[in-house]
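Novice: Next up is a structure, given as structure tokens.
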Amino acid sequence: MNKKIIEIKKLVKYYGKNKVLNSLSFDVNEGEILGLLGPNGSGKSTTINCLLSLLKFNSGSIKIFGEEMTPESYEIKRNIGVVFQNVAVFDELTVYENINYFCGLYINDKDLRKKYVMEAIELVGLNDFIKFYPKQLSGGLLRRLNIACGVSHKPKLIILDEPTVAVDPQSRNNILDGIKKLNSMGATIIYTTHYMEEVEQLCNRIIIIDKGNIIASGTKEEIKESIGIKEKVTVKVDGLSNEHIEKIIKMKNVEHVSYSDNNLYVEFSNGNHNLLNLLDYLKDNKYKCEKIFSELPTLNDVFLELTEKELRDNV
Ligand code: ADP
Ligand code: MG
């Protein structure tokens, strides 16, 4: 059995009359990187702030490390590292001093703290900027400092709220690698983002939220399968006969076939080895295949399909 680090049950949050969390329930298991994926305004930060007891919610319950989370749960909070969406560092302190300050809130021993601060600097790759002030850092480097400040005390649970918004690709890769490293060292991680490709790359499990509702959850494979999304294959093949096209239409898992300009386009419903079976069939019938593309669905396809359904349901 997986140990549950977080248990959220039927969380409801209103801002005035506006219901922004609509009875959210989910768990986070020890050792996983959970991706909370949703468009802007879907309720990711609100969920995080409720989770941390920074925001009062209307109903529901939140347990962290098996205990109810309250604003006075100091022992729980000591074991959580948070990286907020908006950078929060001291302008008058250097990179080193900033991290040392935040680490000092948790780690009293000076030598140990020095070790932890240096490890955090290493983790986010700020070694060359130790004496820089925040104003001297680019947006990406500032984000990395923000992360180092949030994680240097080696918390068991790390929550990152959109840590890569508007950062350059190099910093983004650095940040994603750093998060993987923190996880491999034992931290459980919640990662919010509206970038599909990040959760595909990083997360063991994904929860997709839209307008304060969970619309899908599971591994990326499970989520993609749950909507029966298709594999799309394009093959350049000259002179394919109508007879063979008819046969392809009847092949296993084939949903849709079209053929024009010597390009054969086939959509598969699901299953394995679809492309191989198709190519074998063409080869057996003496066709020469060139320029083969196979596109698997992305989470972006899933999100579009799901939210379209939502919209239709609401109309
Ligand atoms: P996300 O982090 O997914 O972008 P948020 O949790 O910040 O979304 O916001 C969810 C919804 O709550 C949005 O519609 C937003 O406009 C609204 N909201 C967020 N903060 C406040 C606030 N302080 N007062 C009123 N409405 C808010
Ligand atoms: Mg947010």
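As shown in the structure tokens, the chain order sets the letters A, B, ...; within each chain, residues go from 1, and ligands are also counted from 1 in the order they appear.
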7 Å from ligand 1 is the threshold here; counting only C-alpha atoms and all ligand atoms, which polymer residues fall inside it? Answer as an NGL selection string.
Specialist: :A and (15 or 20 or 38-47)
Novice: Distance CA of Pro71 in chain A-CA of Ser53 in chain A, one decimal place?
Specialist: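 Result for CA of Pro71 in chain A versus CA of Ser53 in chain A: 5.2 Å, one decimal.
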Novice: If you run DSSP on the backbone here, which positions in range 12-208 of chain A get strand (DSSP E)? Please write them as a ChimeraX atom specification.
Specialist: /A:12-15,18-29,33-37,59-64,67-68,80-83,157-161,188-193,205-208
Novice: Given only C-alpha atoms and all ligand atoms as the basis, pick out the residue of A:Thr164, A:Asn2, A:Ser226, A:Asn29 nearest to ligand 2.
Specialist: A:Thr164
Novice: What's around Phe84 in chain A at 8 Å? Count only C-alpha atoms, leave out sequence neighbours fewer than 2 positions away in its own chain, and write the answer as a tab-separated table (two decimals) with N, CA and C atoms, in the first residue's frame.
Specialist:
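Everything below was put into out34.tsv:
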chain	number	residue	atom	x	y	z
A	82	VAL	N	7.69	25.18	-0.03
A	82	VAL	CA	6.76	25.77	-0.99
A	82	VAL	C	7.48	26.73	-1.92
A	86	ASN	N	4.47	33.58	-7.47
A	86	ASN	CA	5.16	34.87	-7.56
A	86	ASN	C	6.47	34.79	-6.77
A	87	VAL	N	7.53	35.27	-7.41
A	87	VAL	CA	8.84	35.21	-6.76
A	87	VAL	C	8.81	36.02	-5.48
A	88	ALA	N	9.28	35.42	-4.38
A	88	ALA	CA	9.29	36.11	-3.09
A	88	ALA	C	10.67	35.95	-2.46
A	160	LEU	N	5.27	23.07	-5.77
A	160	LEU	CA	5.74	24.13	-6.68
A	160	LEU	C	4.56	24.61	-7.51
A	161	ASP	N	4.30	25.92	-7.43
A	161	ASP	CA	3.17	26.48	-8.16
A	161	ASP	C	3.69	27.22	-9.40
A	162	GLU	N	3.50	26.62	-10.55
A	162	GLU	CA	3.91	27.19	-11.84
A	162	GLU	C	5.33	27.78	-11.81
A	163	PRO	N	6.32	26.93	-11.51
A	163	PRO	CA	7.67	27.48	-11.36
A	163	PRO	C	8.35	27.86	-12.67
Novice: Just how far from CA of Phe132 in chain A is CA of Thr94 in chain A, in Å to one decimal?
Specialist: 5.3 Å
Novice: So how far away is CA of Leu51 in chain A from CA of Leu141 in chain A, in Å?
Specialist: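 Separating CA of Leu141 in chain A from CA of Leu51 in chain A is a distance of 27.4 Å.
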Novice: Need the shell around Glu290 in chain A: protein/DNA/RNA residues with any atom at most 10 Å away, counting only C-alpha atoms. Skip same-chain ones fewer than 4 positions apart. Format as a CSV table (one decimal) with C-alpha atoms, in the first residue's frame?
Specialist:
chain,number,residue,atom,x,y,z
A,234,THR,CA,0.7,8.9,-42.2
A,235,VAL,CA,2.5,6.9,-44.9
A,236,LYS,CA,3.7,8.0,-48.3
A,237,VAL,CA,2.8,5.1,-50.6
A,238,ASP,CA,2.5,5.4,-54.4
A,263,ASN,CA,-0.4,9.9,-48.8
Novice: So that I can check the surroundings of Cys203 in chain A, please list as a PyMOL selection string every protein, DNA and RNA residue that reaches within 7 Å of it, counting only C-alpha atoms and ignoring chain neighbours fewer than 2 positions away.
Specialist: chain A and resi 33-35+199-201+205-206
Novice: Would you mind telling me which residue in A:Ser25, A:Asn300, A:Gln85, A:Asn58 lies nearest to ligand 2 when using only C-alpha atoms and all ligand atoms?
Specialist: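 Residue with the minimum atom-to-atom distance to ligand 2: A:Gln85.
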Novice: When distances are computed from only C-alpha atoms, which of A:Lys63, A:Leu278, A:Gly186, A:Lys19 shows the smallest separation from Ile76 in chain A?
Specialist: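 Comparing A:Lys63, A:Leu278, A:Gly186, A:Lys19 against Ile76 in chain A, the winner is A:Lys63.
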Novice: Between A:Val95, A:Ile223, A:Ile190, A:Leu112, which one has atoms that come closest to Arg144 in chain A, using only C-alpha atoms?
Specialist: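 Checking each of A:Val95, A:Ile223, A:Ile190, A:Leu112 against Arg144 in chain A, counting only C-alpha atoms, the winner is A:Val95.
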Novice: From the options A:Ile121, A:Leu157, A:Val165, A:Ile6, which residue's atoms come nearest to ligand 2, counting only C-alpha atoms and all ligand atoms?
Specialist: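 Looking only at the distances to ligand 2, the closest residue turns out to be A:Val165.
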Novice: If you run DSSP on this backbone, which residues of range 172-288 of chain A come out as helix (DSSP H, G or I), and could you give them as a VMD selection string?
Specialist: chain A and resid 172 to 184 196 to 202 220 to 226 242 to 249 274 to 284
Novice: Which is closest to ligand 2 among A:Leu137, A:Ile214, A:Asn49, A:Asn100, if we use only C-alpha atoms and all ligand atoms?
Specialist: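 Result for the nearest residue to ligand 2: A:Asn49.
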Novice: Quick one: residues within 9 Å of range 245-249 of chain A, only C-alpha atoms, excluding same-chain residues fewer than 3 positions away - as a list in words?
Specialist: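 So, after excluding close chain neighbours, the residues are Leu240, Ser241, Asn242, Lys252, Val254, Glu255, His256, Val257, Ser258, Tyr259, Leu264, Val266, Leu278 and Tyr281 of chain A.
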Novice: Residues as selected, C-alpha atoms, written as a PDB file, in the first residue's frame, can you do that?
Specialist:
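Done, and the output landed in again.pdb:
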ATOM      1  CA  LEU A 240      -2.436   2.274 -53.598  1.00  0.00           C
ATOM      2  CA  SER A 241      -5.410   0.461 -55.153  1.00  0.00           C
ATOM      3  CA  ASN A 242      -8.998   0.919 -54.018  1.00  0.00           C
ATOM      4  CA  LYS A 252      -8.087  -4.222 -36.600  1.00  0.00           C
ATOM      5  CA  VAL A 254      -8.721   1.136 -37.762  1.00  0.00           C
ATOM      6  CA  GLU A 255     -11.141   4.019 -37.234  1.00  0.00           C
ATOM      7  CA  HIS A 256     -10.649   6.192 -40.260  1.00  0.00           C
ATOM      8  CA  VAL A 257      -8.730   5.985 -43.556  1.00  0.00           C
ATOM      9  CA  SER A 258      -8.059   8.535 -46.257  1.00  0.00           C
ATOM     10  CA  TYR A 259      -5.769   8.501 -49.276  1.00  0.00           C
ATOM     11  CA  LEU A 264      -2.220   7.252 -46.752  1.00  0.00           C
ATOM     12  CA  VAL A 266      -4.967   6.114 -40.931  1.00  0.00           C
ATOM     13  CA  LEU A 278      -0.116  -1.608 -41.442  1.00  0.00           C
ATOM     14  CA  TYR A 281       0.313  -5.400 -44.885  1.00  0.00           C
TER      15      TYR A 281
END
